[in-house]
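As stored in start28.csv (CSV, C-alpha atoms):
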```csv
chain,number,residue,atom,x,y,z
D,1,MET,CA,3.9,-110.7,-2.2
D,2,THR,CA,6.3,-107.7,-1.6
D,3,GLY,CA,5.1,-106.1,-4.8
D,4,LEU,CA,1.5,-106.5,-3.8
D,5,LEU,CA,2.2,-104.8,-0.5
D,6,VAL,CA,4.0,-101.9,-2.2
D,7,PHE,CA,1.0,-101.3,-4.5
D,8,ILE,CA,-1.5,-101.6,-1.6
D,9,GLY,CA,0.7,-99.5,0.6
D,10,ALA,CA,0.9,-96.7,-2.0
D,11,SER,CA,-2.9,-96.9,-2.4
D,12,ALA,CA,-3.5,-96.7,1.3
D,13,ALA,CA,-1.0,-93.8,1.7
D,14,LEU,CA,-2.9,-91.8,-0.9
D,15,ILE,CA,-6.1,-92.2,1.0
D,16,LEU,CA,-4.5,-91.3,4.3
D,17,LEU,CA,-2.9,-88.2,2.8
D,18,LEU,CA,-6.3,-87.3,1.3
D,19,LEU,CA,-7.7,-87.4,4.8
D,20,VAL,CA,-5.0,-85.0,6.0
D,21,VAL,CA,-5.4,-82.5,3.1
D,22,LYS,CA,-8.1,-80.4,4.5
D,23,ARG,CA,-9.0,-77.2,2.8
D,24,PRO,CA,-7.1,-74.9,5.1
D,25,ALA,CA,-8.2,-71.3,5.4
D,26,ASN,CA,-5.9,-68.4,5.3
D,27,GLY,CA,-6.2,-67.9,9.1
D,28,GLU,CA,-3.7,-66.0,11.2
D,29,LEU,CA,-1.1,-67.8,13.2
D,30,THR,CA,-1.3,-65.8,16.4
D,31,PRO,CA,1.6,-66.2,18.9
D,32,ALA,CA,0.5,-68.0,22.0
D,33,GLY,CA,3.4,-66.6,24.0
D,34,LEU,CA,6.5,-68.4,25.1
D,35,PRO,CA,6.5,-69.7,28.7
D,36,ASP,CA,9.2,-68.1,30.9
D,37,ARG,CA,12.1,-70.2,31.9
D,38,ALA,CA,11.5,-69.0,35.5
D,39,ILE,CA,8.2,-71.0,35.5
D,40,MET,CA,10.1,-74.2,35.0
D,41,GLU,CA,12.7,-73.1,37.6
D,42,ARG,CA,9.7,-72.7,40.0
D,43,ILE,CA,8.2,-76.1,39.0
D,44,LEU,CA,11.6,-77.8,39.7
D,45,ALA,CA,12.4,-75.8,42.8
D,46,PRO,CA,14.3,-78.2,45.1
D,47,GLU,CA,13.1,-76.5,48.3
D,48,ASP,CA,9.5,-77.4,47.5
D,49,ALA,CA,10.5,-81.0,46.9
D,50,ARG,CA,12.5,-81.0,50.1
D,51,TYR,CA,9.7,-79.5,52.1
D,52,ILE,CA,7.1,-82.0,50.8
D,53,ALA,CA,9.5,-84.9,51.4
D,54,SER,CA,10.1,-83.7,55.0
D,55,LEU,CA,6.4,-83.9,55.8
D,56,GLY,CA,6.6,-87.7,55.5
D,57,LEU,CA,3.2,-88.0,53.9
D,58,PRO,CA,3.5,-90.4,50.9
D,59,ARG,CA,0.1,-89.5,49.5
D,60,VAL,CA,0.9,-85.8,49.5
D,61,HIS,CA,4.3,-86.5,48.0
D,62,ARG,CA,2.7,-88.6,45.2
D,63,LEU,CA,0.2,-85.8,44.6
D,64,PHE,CA,3.0,-83.2,44.5
D,65,LEU,CA,5.0,-85.2,42.0
D,66,ARG,CA,1.9,-85.8,39.8
D,67,GLU,CA,1.0,-82.1,39.8
D,68,ARG,CA,4.6,-81.1,39.0
D,69,ARG,CA,4.7,-83.6,36.2
D,70,ARG,CA,1.5,-82.1,34.7
D,71,LEU,CA,2.9,-78.6,35.0
D,72,ALA,CA,6.2,-79.6,33.3
D,73,VAL,CA,4.3,-81.3,30.5
D,74,ARG,CA,2.2,-78.2,30.0
D,75,TRP,CA,5.4,-76.1,29.9
D,76,LEU,CA,6.9,-78.4,27.3
D,77,ARG,CA,3.7,-78.3,25.2
D,78,ALA,CA,3.7,-74.5,25.2
D,79,ILE,CA,7.3,-74.6,23.8
D,80,ARG,CA,6.3,-77.2,21.2
D,81,ALA,CA,3.3,-75.0,20.2
D,82,GLU,CA,5.6,-72.0,19.7
D,83,ALA,CA,8.0,-74.1,17.6
D,84,THR,CA,5.1,-75.4,15.5
D,85,ARG,CA,3.8,-71.9,15.0
D,86,LEU,CA,7.3,-70.7,13.8
D,87,PHE,CA,7.5,-73.6,11.4
D,88,ARG,CA,3.9,-73.1,10.0
D,89,LEU,CA,4.7,-69.3,9.7
D,90,HIS,CA,7.7,-70.3,7.6
D,91,THR,CA,5.8,-72.7,5.3
D,92,ARG,CA,2.9,-70.3,4.9
D,93,ALA,CA,5.2,-67.3,4.2
D,94,VAL,CA,7.4,-69.0,1.7
D,95,ARG,CA,4.7,-70.8,-0.4
D,96,GLN,CA,4.3,-67.7,-2.5
D,97,ALA,CA,8.0,-66.8,-2.7
D,98,ARG,CA,9.4,-67.2,-6.1
D,99,ASP,CA,12.9,-68.3,-5.2
D,100,VAL,CA,12.2,-71.3,-2.9
D,101,ARG,CA,15.4,-73.4,-2.7
D,102,PRO,CA,15.1,-77.2,-1.9
D,103,MET,CA,18.2,-77.2,0.3
D,104,THR,CA,17.0,-74.3,2.4
D,105,GLU,CA,13.6,-76.1,2.8
D,106,VAL,CA,15.4,-79.3,3.8
D,107,ARG,CA,17.4,-77.3,6.5
D,108,VAL,CA,14.2,-75.9,8.0
D,109,ALA,CA,12.4,-79.3,7.9
D,110,CYS,CA,15.5,-80.9,9.6
D,111,ALA,CA,15.6,-78.2,12.3
D,112,PHE,CA,11.9,-78.8,13.1
D,113,ALA,CA,12.3,-82.6,13.0
D,114,LEU,CA,15.2,-82.3,15.4
D,115,PHE,CA,13.1,-80.1,17.7
D,116,MET,CA,10.3,-82.7,17.6
D,117,LEU,CA,12.7,-85.5,18.3
D,118,ASN,CA,14.1,-83.6,21.3
D,119,TYR,CA,10.5,-82.9,22.5
D,120,ALA,CA,9.5,-86.5,22.2
D,121,VAL,CA,12.5,-87.7,24.2
D,122,ILE,CA,12.2,-85.1,26.9
D,123,ALA,CA,8.4,-85.4,27.2
D,124,GLY,CA,8.8,-89.1,27.4
D,125,LEU,CA,11.4,-88.8,30.2
D,126,VAL,CA,9.1,-86.4,32.1
D,127,ARG,CA,6.1,-88.7,31.8
D,128,TRP,CA,8.1,-91.7,32.7
D,129,TYR,CA,10.5,-90.4,35.5
D,130,GLY,CA,8.8,-87.1,36.4
D,131,PRO,CA,10.4,-83.7,36.0
D,132,PHE,CA,12.9,-84.2,38.8
D,133,GLY,CA,14.0,-87.5,37.5
D,134,ALA,CA,14.2,-86.3,33.9
D,135,GLY,CA,16.2,-83.3,35.0
D,136,ALA,CA,18.7,-85.6,36.8
D,137,ILE,CA,19.0,-87.8,33.7
D,138,LEU,CA,19.6,-84.8,31.5
D,139,ARG,CA,22.3,-83.5,33.9
D,140,LEU,CA,23.9,-86.9,33.9
D,141,LEU,CA,23.9,-87.0,30.1
D,142,ASP,CA,25.4,-83.6,30.1
D,143,SER,CA,28.3,-84.6,32.3
D,144,LEU,CA,28.8,-87.8,30.4
D,145,SER,CA,29.0,-85.9,27.1
D,146,GLY,CA,31.4,-83.4,28.7
D,147,ALA,CA,33.5,-86.3,29.9
D,148,MET,CA,33.5,-88.0,26.5
D,149,GLY,CA,34.5,-84.7,25.0
D,150,ARG,CA,37.4,-84.3,27.4
D,151,LEU,CA,38.4,-87.9,26.8
D,152,SER,CA,38.5,-87.5,23.0
D,153,ARG,CA,40.5,-84.3,23.4
D,154,GLN,CA,43.0,-86.2,25.6
D,155,LEU,CA,43.2,-89.0,23.2
D,156,ALA,CA,43.8,-86.6,20.4
D,157,GLU,CA,46.6,-84.9,22.4
D,158,GLY,CA,48.6,-88.1,22.8
D,159,PRO,CA,49.6,-90.9,25.3
D,160,GLY,CA,51.2,-88.5,27.8
D,161,ALA,CA,47.8,-86.9,28.7
D,162,PRO,CA,46.4,-87.5,32.2
D,163,ALA,CA,44.0,-90.4,32.6
D,164,SER,CA,41.2,-88.6,34.6
D,165,VAL,CA,38.3,-87.4,32.6
D,166,GLY,CA,36.3,-86.1,35.5
D,167,ILE,CA,33.1,-88.2,35.5
D,168,PRO,CA,31.2,-87.3,38.6
D,169,ALA,CA,30.5,-90.1,41.1
S,1,MET,CA,-24.6,-109.1,-10.5
S,2,ARG,CA,-26.5,-109.6,-13.8
S,3,PHE,CA,-28.0,-106.2,-13.2
S,4,PHE,CA,-25.3,-104.4,-11.3
S,5,THR,CA,-22.7,-104.2,-14.1
S,6,PRO,CA,-25.1,-102.7,-16.8
S,7,ALA,CA,-26.7,-100.5,-14.2
S,8,ALA,CA,-23.3,-99.2,-13.1
S,9,TRP,CA,-22.3,-98.7,-16.7
S,10,TRP,CA,-25.4,-96.7,-17.6
S,11,THR,CA,-25.2,-94.7,-14.4
S,12,GLY,CA,-21.6,-93.9,-15.0
S,13,ASN,CA,-22.3,-92.6,-18.5
S,14,VAL,CA,-25.2,-90.5,-17.4
S,15,VAL,CA,-23.1,-88.9,-14.6
S,16,LEU,CA,-20.2,-88.4,-17.0
S,17,GLY,CA,-22.6,-86.7,-19.4
S,18,ALA,CA,-23.9,-84.5,-16.6
S,19,LEU,CA,-20.4,-83.6,-15.5
S,20,LEU,CA,-19.5,-82.5,-19.1
S,21,TYR,CA,-22.7,-80.5,-19.4
S,22,ARG,CA,-22.1,-78.7,-16.1
S,23,GLY,CA,-18.4,-78.1,-17.1
S,24,LEU,CA,-19.6,-76.5,-20.3
S,25,ARG,CA,-22.3,-74.4,-18.7
S,26,GLN,CA,-20.1,-73.3,-15.8
S,27,ARG,CA,-17.1,-72.6,-18.2
S,28,LEU,CA,-15.0,-74.9,-16.1
S,29,VAL,CA,-13.9,-76.5,-19.4
S,30,ARG,CA,-11.7,-73.5,-20.1
S,31,GLU,CA,-10.1,-73.8,-16.7
S,32,TYR,CA,-9.4,-77.5,-16.8
S,33,PRO,CA,-9.3,-78.4,-20.6
S,34,VAL,CA,-7.3,-81.6,-20.2
S,35,PHE,CA,-9.6,-83.0,-17.5
S,36,TYR,CA,-12.8,-82.3,-19.5
S,37,GLY,CA,-11.0,-83.7,-22.6
S,38,TYR,CA,-10.3,-86.8,-20.5
S,39,LEU,CA,-14.0,-87.1,-19.4
S,40,ALA,CA,-15.1,-86.7,-23.0
S,41,TYR,CA,-12.7,-89.4,-24.1
S,42,VAL,CA,-13.9,-91.8,-21.4
S,43,LEU,CA,-17.5,-91.2,-22.4
S,44,CYS,CA,-16.9,-91.7,-26.1
S,45,SER,CA,-14.7,-94.8,-25.6
S,46,SER,CA,-17.2,-96.3,-23.3
S,47,LEU,CA,-20.0,-96.0,-25.9
S,48,LEU,CA,-17.6,-97.3,-28.6
S,49,LEU,CA,-16.7,-100.3,-26.4
S,50,PHE,CA,-20.3,-101.1,-25.9
S,51,ARG,CA,-20.7,-101.2,-29.7
S,52,LEU,CA,-17.6,-103.5,-29.9
S,53,SER,CA,-19.0,-105.8,-27.2
S,54,LEU,CA,-21.9,-106.5,-29.5
S,55,VAL,CA,-19.6,-107.4,-32.4
S,56,SER,CA,-17.2,-109.9,-30.8
S,57,ARG,CA,-15.6,-110.7,-27.5
S,58,ARG,CA,-12.1,-110.6,-29.0
S,59,ALA,CA,-12.6,-107.2,-30.5
S,60,TYR,CA,-14.0,-105.9,-27.2
S,61,ALA,CA,-10.9,-107.2,-25.3
S,62,ILE,CA,-8.5,-105.6,-27.7
S,63,GLY,CA,-10.5,-102.4,-27.7
S,64,PHE,CA,-10.7,-102.4,-23.9
S,65,TRP,CA,-7.0,-102.6,-23.3
S,66,ALA,CA,-6.2,-100.1,-26.1
S,67,GLU,CA,-8.7,-97.7,-24.5
S,68,GLU,CA,-7.2,-98.2,-21.0
S,69,PHE,CA,-3.7,-97.5,-22.3
S,70,VAL,CA,-4.7,-94.2,-23.9
S,71,ALA,CA,-6.8,-93.4,-20.8
S,72,VAL,CA,-3.7,-93.9,-18.6
S,73,LEU,CA,-1.6,-91.6,-20.8
S,74,PHE,CA,-4.5,-89.1,-20.7
S,75,GLY,CA,-4.4,-89.5,-16.9
S,76,VAL,CA,-0.8,-88.5,-16.8
S,77,ALA,CA,-1.8,-85.2,-18.5
S,78,VAL,CA,-4.7,-84.8,-16.0
S,79,THR,CA,-2.3,-85.3,-13.1
S,80,TRP,CA,0.0,-82.6,-14.5
S,81,GLU,CA,-3.1,-80.3,-14.8
S,82,ILE,CA,-4.1,-81.0,-11.2
S,83,TYR,CA,-0.5,-80.2,-10.1
S,84,GLY,CA,-0.6,-76.9,-11.9
S,85,ALA,CA,-4.0,-75.9,-10.6
S,86,ALA,CA,-3.4,-77.0,-7.0
S,87,LEU,CA,-0.2,-75.0,-6.7
S,88,ALA,CA,-1.2,-72.1,-9.0
S,89,GLY,CA,-0.8,-69.6,-6.1
S,90,CYS,CA,2.6,-71.0,-5.1
S,91,PRO,CA,5.1,-70.4,-7.9
S,92,GLY,CA,8.2,-71.1,-5.9
S,93,VAL,CA,6.9,-74.4,-4.5
S,94,ARG,CA,5.5,-75.4,-7.9
S,95,ARG,CA,8.9,-74.9,-9.5
S,96,MET,CA,10.7,-76.7,-6.7
S,97,GLY,CA,8.3,-79.6,-6.8
S,98,ARG,CA,8.3,-79.9,-10.5
S,99,SER,CA,11.9,-81.0,-10.9
S,100,LEU,CA,11.6,-83.4,-7.9
S,101,ILE,CA,8.4,-85.0,-9.2
S,102,THR,CA,9.7,-85.3,-12.8
S,103,LEU,CA,12.7,-87.1,-11.5
S,104,ILE,CA,10.6,-89.5,-9.4
S,105,VAL,CA,8.2,-90.3,-12.2
S,106,LEU,CA,10.9,-90.7,-14.9
S,107,ALA,CA,12.8,-93.0,-12.6
S,108,LEU,CA,9.6,-95.1,-12.1
S,109,PHE,CA,8.8,-95.2,-15.8
S,110,ALA,CA,12.4,-96.2,-16.6
S,111,LYS,CA,12.3,-99.0,-14.0
S,112,PHE,CA,9.1,-100.3,-15.5
S,113,ALA,CA,10.5,-100.0,-19.1
S,114,VAL,CA,13.6,-101.9,-18.1
S,115,GLY,CA,11.5,-104.6,-16.5
S,116,LEU,CA,9.3,-104.8,-19.6
S,117,ALA,CA,12.3,-105.0,-21.9
S,118,ALA,CA,13.9,-107.8,-19.8
S,119,GLN,CA,10.8,-109.9,-19.6
S,120,PRO,CA,8.3,-108.8,-22.3
S,121,ALA,CA,6.5,-112.2,-22.3
S,122,LEU,CA,5.5,-111.8,-18.6
S,123,ALA,CA,4.0,-108.4,-18.8
S,124,SER,CA,0.2,-108.5,-19.4
S,125,PRO,CA,-1.7,-105.4,-20.3
S,126,MET,CA,-3.1,-105.4,-16.8
S,127,GLU,CA,0.3,-105.3,-15.2
S,128,LEU,CA,1.4,-102.6,-17.6
S,129,GLU,CA,-1.7,-100.5,-16.6
S,130,ARG,CA,-1.0,-101.3,-12.9
S,131,ASN,CA,2.6,-100.0,-13.2
S,132,LEU,CA,1.5,-96.9,-15.1
S,133,ARG,CA,-1.2,-96.2,-12.5
S,134,PHE,CA,1.3,-96.8,-9.7
S,135,ALA,CA,3.7,-94.1,-11.3
S,136,GLN,CA,0.7,-91.7,-11.2
S,137,ALA,CA,0.0,-92.7,-7.6
S,138,VAL,CA,3.5,-91.8,-6.6
S,139,TRP,CA,3.2,-88.5,-8.4
S,140,LEU,CA,-0.1,-87.8,-6.6
S,141,LEU,CA,1.6,-88.7,-3.3
S,142,ALA,CA,4.2,-86.1,-4.0
S,143,ILE,CA,1.6,-83.5,-4.9
S,144,LEU,CA,-0.4,-84.2,-1.7
S,145,SER,CA,2.7,-84.1,0.4
S,146,LEU,CA,3.6,-80.7,-0.9
S,147,LEU,CA,0.0,-79.5,-0.3
S,148,VAL,CA,0.0,-80.8,3.3
S,149,TYR,CA,3.5,-79.5,4.1
S,150,TYR,CA,2.9,-76.0,2.8
S,151,GLY,CA,-0.8,-75.9,4.0
S,152,VAL,CA,-1.9,-74.8,0.5
S,153,PRO,CA,-5.5,-73.7,0.6
S,154,LEU,CA,-7.6,-75.4,-2.1
S,155,GLY,CA,-10.8,-74.0,-3.7
S,156,ARG,CA,-13.8,-76.3,-4.0
S,157,ASN,CA,-13.2,-77.1,-7.7
S,158,VAL,CA,-9.5,-78.0,-7.4
S,159,ALA,CA,-10.2,-80.0,-4.2
S,160,GLY,CA,-13.0,-81.9,-6.0
S,161,LEU,CA,-10.7,-82.6,-8.9
S,162,LEU,CA,-7.9,-83.7,-6.7
S,163,TYR,CA,-10.0,-85.8,-4.3
S,164,GLY,CA,-11.8,-87.6,-7.1
S,165,TYR,CA,-8.8,-88.4,-9.2
S,166,THR,CA,-6.7,-89.5,-6.1
S,167,TRP,CA,-9.5,-91.8,-5.1
S,168,PHE,CA,-9.7,-93.2,-8.6
S,169,ILE,CA,-6.0,-93.8,-8.9
S,170,SER,CA,-5.8,-95.3,-5.4
S,171,SER,CA,-8.6,-97.7,-6.0
S,172,ALA,CA,-7.3,-98.6,-9.5
S,173,VAL,CA,-3.8,-99.4,-8.2
S,174,ALA,CA,-5.3,-101.6,-5.4
S,175,ASN,CA,-7.7,-103.4,-7.7
S,176,LEU,CA,-5.2,-104.0,-10.4
S,177,ALA,CA,-2.6,-105.2,-8.0
S,178,LEU,CA,-5.0,-107.6,-6.3
S,179,ARG,CA,-6.3,-108.8,-9.7
S,180,SER,CA,-2.7,-109.4,-11.0
S,181,ALA,CA,-1.7,-111.2,-7.7
S,182,LEU,CA,-4.9,-113.3,-7.1
S,183,GLY,CA,-5.9,-114.0,-10.7
S,184,ASP,CA,-9.3,-115.3,-11.5
S,185,GLN,CA,-10.4,-115.8,-7.9
S,186,PHE,CA,-10.5,-111.9,-7.6
S,187,GLN,CA,-12.6,-111.6,-10.8
S,188,SER,CA,-16.0,-111.7,-9.0
S,189,TRP,CA,-14.8,-108.9,-6.6
S,190,TRP,CA,-13.2,-107.0,-9.5
S,191,THR,CA,-16.5,-106.8,-11.4
S,192,VAL,CA,-18.1,-105.1,-8.4
S,193,LEU,CA,-15.2,-103.1,-6.9
S,194,HIS,CA,-14.0,-101.6,-10.2
S,195,PRO,CA,-17.3,-100.0,-11.3
S,196,LEU,CA,-18.1,-99.1,-7.7
S,197,ALA,CA,-14.9,-97.2,-7.2
S,198,TYR,CA,-15.5,-95.5,-10.6
S,199,LEU,CA,-18.9,-94.3,-9.5
S,200,VAL,CA,-17.6,-93.0,-6.2
S,201,THR,CA,-15.1,-91.0,-8.2
S,202,LEU,CA,-17.8,-89.5,-10.4
S,203,VAL,CA,-19.9,-88.6,-7.4
S,204,VAL,CA,-16.9,-86.8,-5.8
S,205,TRP,CA,-16.2,-84.9,-9.1
S,206,CYS,CA,-19.9,-83.9,-9.3
S,207,ALA,CA,-19.8,-82.6,-5.7
S,208,GLY,CA,-16.6,-80.6,-6.4
S,209,LEU,CA,-17.2,-79.4,-10.0
S,210,TRP,CA,-21.0,-78.9,-10.1
S,211,SER,CA,-20.6,-75.1,-9.9
S,212,ARG,CA,-17.7,-72.8,-10.5
S,213,GLU,CA,-16.1,-71.4,-7.4
S,214,LYS,CA,-13.3,-69.0,-7.0
S,215,ASN,CA,-9.9,-70.5,-6.3
S,216,LEU,CA,-8.4,-69.6,-2.9
S,217,VAL,CA,-5.4,-67.3,-3.0
S,218,PRO,CA,-2.8,-67.9,-0.4
S,219,ASN,CA,-1.7,-65.1,2.0
S,220,PRO,CA,0.3,-62.2,0.4
S,221,ALA,CA,3.8,-63.0,-0.8
S,222,LEU,CA,6.8,-63.0,1.5
S,223,GLU,CA,8.0,-59.5,1.7
S,224,GLN,CA,11.2,-60.3,3.4
S,225,ASP,CA,14.2,-61.9,1.8
S,226,TYR,CA,13.6,-65.6,1.6
S,227,ALA,CA,17.1,-66.7,2.7
S,228,ARG,CA,17.1,-64.4,5.7
S,229,PHE,CA,13.6,-65.4,6.7
S,230,SER,CA,14.5,-69.1,6.5
S,231,GLY,CA,17.6,-68.5,8.5
S,232,GLN,CA,15.6,-66.7,11.2
S,233,THR,CA,13.2,-69.7,11.3
S,234,VAL,CA,16.0,-72.2,11.7
S,235,ALA,CA,17.6,-70.0,14.4
S,236,GLY,CA,14.3,-69.6,16.2
S,237,ILE,CA,13.6,-73.3,16.3
S,238,ALA,CA,17.1,-74.0,17.5
S,239,ARG,CA,16.6,-71.5,20.3
S,240,LEU,CA,13.4,-73.2,21.4
S,241,ARG,CA,15.2,-76.6,21.3
S,242,ALA,CA,17.8,-75.2,23.6
S,243,ARG,CA,15.2,-73.8,25.9
S,244,LEU,CA,13.4,-77.2,25.9
S,245,VAL,CA,16.6,-78.9,27.1
S,246,ASP,CA,17.8,-76.2,29.4
S,247,GLY,CA,14.5,-75.8,31.2
S,248,LEU,CA,14.8,-79.3,32.7
S,249,ARG,CA,18.6,-79.1,33.2
S,250,LEU,CA,18.5,-76.7,36.1
```
Final structure tokens representation of the file:
Amino acid sequence: MTGLLVFIGASAALILLLLVVKRPANGELTPAGLPDRAIMERILAPEDARYIASLGLPRVHRLFLRERRRLAVRWLRAIRAEATRLFRLHTRAVRQARDVRPMTEVRVACAFALFMLNYAVIAGLVRWYGPFGAGAILRLLDSLSGAMGRLSRQLAEGPGAPASVGIPA
Amino acid sequence: MRFFTPAAWWTGNVVLGALLYRGLRQRLVREYPVFYGYLAYVLCSSLLLFRLSLVSRRAYAIGFWAEEFVAVLFGVAVTWEIYGAALAGCPGVRRMGRSLITLIVLALFAKFAVGLAAQPALASPMELERNLRFAQAVWLLAILSLLVYYGVPLGRNVAGLLYGYTWFISSAVANLALRSALGDQFQSWWTVLHPLAYLVTLVVWCAGLWSREKNLVPNPALEQDYARFSGQTVAGIARLRARLVDGLRL
């Protein structure tokens, strides 16, 4: 049964890849422009959130959070588009190069895969918890990783090291 | 069913003949000699098998599997030709992929050969053909992956060749696997699906290879140093990843 599935799977994979292989034209990959970090700072401005919260209007607050989430997702997508453009630029540029090296190609593919993984996680967090919640989670993860780093350094230094690792309350 | 099989057989031969005629007229034979040699072989063997079927059932069965085996080996050469034609404008990618693909296909052939040596009694001609077609399917998967990854532009002729042959191998692997696994209960389906898939292949080849078209040439070669350009790409993507995380971590 497993053998049959392997054969049918290979056959289905061929058809799926055929659907993906279009006949791409040699079009230009024009830069869409990278969104400024200041835009995200503005989207996540704490004073806006504080002001809306101070109004005490739950519907307006929900609307505010929904809009900020949409803006944050747009911002993330713009960065993803730029990364995809860079990656496509690379694959298009090197396909005629004569000295293409497999390990270099693997390195580029891994860098892009890592970016996409980060994007998927962060976009998921933003959709699920909103930009403010996602930011808080990232800051917490940051401080946790910092604390883990300090802890491992202290463990490496020996038993005489102080016990505090500085995890914020 | 009584009329379908002979009708499919005659239609297939007529379309094959038309394809060969167009190939000669459009001088596509010079560009894809192995492929057109394969078509000529299939047409001749089909007519020979018809003659054998009139002599005896046993002679036809032996002739059929012998023809299939040679066709599979011919198919390997066709796959190699497709690989060369599809990546003609990408010498570096072609060279890089060649060693990888050779390794995969040799490993598969070795696996099947070891399996055959261990249990020769269990290997039927159909299973042997299925395994050889599967090795070709893996090869085509590698070719298609390279084409998708590098966004290689394909001309109409190469695209037709590739689409038709990939469809043919894909349907052959699925049909042979189901026939081996399900046995005689799949026979009635087999007699319809096998010629039908073959006719679809011929139609795709007709659409792609009816007239000669210029192959697309990818954008001009990379003028910068490859290693430096790749390093810049990795650094650029890493910077964007950092910005992605930093943007939210205000």
Return as CSV the residues of chain D lying at most 8 Å from chain S, together with the closest atom-to-atom pair for each and the distance in Å to one decimal, counting only C-alpha atoms, with rows in chain order and ascending residue number.
```
residue,atom,partner,partner_atom,distance
D:Met1,CA,S:Ala181,CA,7.9
D:Leu4,CA,S:Ala177,CA,6.0
D:Phe7,CA,S:Val173,CA,6.4
D:Ile8,CA,S:Ala174,CA,5.4
D:Ala10,CA,S:Ala137,CA,6.9
D:Ser11,CA,S:Ser170,CA,4.5
D:Ala12,CA,S:Ser170,CA,7.2
D:Ala13,CA,S:Leu141,CA,7.6
D:Leu14,CA,S:Leu141,CA,6.0
D:Ile15,CA,S:Trp167,CA,7.0
D:Leu17,CA,S:Leu144,CA,6.5
D:Leu18,CA,S:Tyr163,CA,6.9
D:Val20,CA,S:Val148,CA,7.1
D:Val21,CA,S:Val148,CA,5.7
D:Arg23,CA,S:Leu154,CA,5.4
D:Pro24,CA,S:Pro153,CA,4.9
D:Ala25,CA,S:Pro153,CA,6.0
D:Asn26,CA,S:Asn219,CA,6.3
D:Arg37,CA,S:Gly247,CA,6.1
D:Met40,CA,S:Gly247,CA,6.0
D:Glu41,CA,S:Leu250,CA,7.0
D:Leu44,CA,S:Leu248,CA,7.8
D:Leu76,CA,S:Leu244,CA,6.8
D:Ile79,CA,S:Leu240,CA,6.7
D:Ala83,CA,S:Ile237,CA,5.8
D:Leu86,CA,S:Thr233,CA,6.5
D:Phe87,CA,S:Thr233,CA,6.9
D:Arg88,CA,S:Tyr150,CA,7.8
D:His90,CA,S:Thr233,CA,6.7
D:Thr91,CA,S:Tyr150,CA,5.1
D:Arg92,CA,S:Tyr150,CA,6.1
D:Ala93,CA,S:Leu222,CA,5.3
D:Val94,CA,S:Leu222,CA,6.0
D:Arg95,CA,S:Cys90,CA,5.2
D:Gln96,CA,S:Cys90,CA,4.5
D:Ala97,CA,S:Gly92,CA,5.4
D:Arg98,CA,S:Gly92,CA,4.1
D:Asp99,CA,S:Gly92,CA,5.5
D:Val100,CA,S:Gly92,CA,5.0
D:Arg101,CA,S:Met96,CA,7.0
D:Pro102,CA,S:Met96,CA,6.5
D:Thr104,CA,S:Ser230,CA,7.1
D:Glu105,CA,S:Ser230,CA,8.0
D:Arg107,CA,S:Val234,CA,7.4
D:Val108,CA,S:Val234,CA,5.5
D:Ala111,CA,S:Val234,CA,6.0
D:Phe112,CA,S:Ile237,CA,6.6
D:Phe115,CA,S:Arg241,CA,5.4
D:Asn118,CA,S:Arg241,CA,7.1
D:Tyr119,CA,S:Leu244,CA,7.2
D:Ile122,CA,S:Val245,CA,7.6
D:Pro131,CA,S:Leu248,CA,7.0
D:Ala134,CA,S:Leu248,CA,7.1
D:Gly135,CA,S:Leu248,CA,4.8
D:Ala136,CA,S:Arg249,CA,7.4
D:Leu138,CA,S:Arg249,CA,6.0
D:Arg139,CA,S:Arg249,CA,5.8
```
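For the residues D:Pro35, D:Arg62, D:Val126, D:Pro46, ranking by smallest atom-to-atom distance to Glu82 (chain D) using only C-alpha atoms places D:Pro35 first.
From CA of Val78 (chain S) back to CA of Tyr165 (chain S), the distance works out to 8.7 Å.
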In the coordinates of the file, take the point (9.1, -77.8, 43.1) and a cut-off of 12 Å; then, counting only C-alpha atoms, name each qualifying protein, DNA or RNA residue as a compact mmCIF listing (two decimals) with C-alpha atoms, keeping the file's coordinate frame.
```
# COMPACT_ATOMS: atom_id res chain seq x y z
CA ALA D 38 11.50 -69.00 35.50
CA ILE D 39 8.20 -71.00 35.50
CA MET D 40 10.10 -74.20 35.00
CA GLU D 41 12.70 -73.10 37.60
CA ARG D 42 9.70 -72.70 40.00
CA ILE D 43 8.20 -76.10 39.00
CA LEU D 44 11.60 -77.80 39.70
CA ALA D 45 12.40 -75.80 42.80
CA PRO D 46 14.30 -78.20 45.10
CA GLU D 47 13.10 -76.50 48.30
CA ASP D 48 9.50 -77.40 47.50
CA ALA D 49 10.50 -81.00 46.90
CA ARG D 50 12.50 -81.00 50.10
CA TYR D 51 9.70 -79.50 52.10
CA ILE D 52 7.10 -82.00 50.80
CA ALA D 53 9.50 -84.90 51.40
CA HIS D 61 4.30 -86.50 48.00
CA PHE D 64 3.00 -83.20 44.50
CA LEU D 65 5.00 -85.20 42.00
CA ARG D 66 1.90 -85.80 39.80
CA GLU D 67 1.00 -82.10 39.80
CA ARG D 68 4.60 -81.10 39.00
CA ARG D 69 4.70 -83.60 36.20
CA LEU D 71 2.90 -78.60 35.00
CA ALA D 72 6.20 -79.60 33.30
CA GLY D 130 8.80 -87.10 36.40
CA PRO D 131 10.40 -83.70 36.00
CA PHE D 132 12.90 -84.20 38.80
CA LEU S 248 14.80 -79.30 32.70
CA LEU S 250 18.50 -76.70 36.10
```
Query raised in the report: If we count all atoms listed in the file, what is near region 4-13 of chain S at a cut-off of 12 Å, once residues fewer than 6 positions away on the same chain are taken out, given as a PyMOL selection string?
Result: chain S and resi 19-20+39-47+49-50+188-203+206
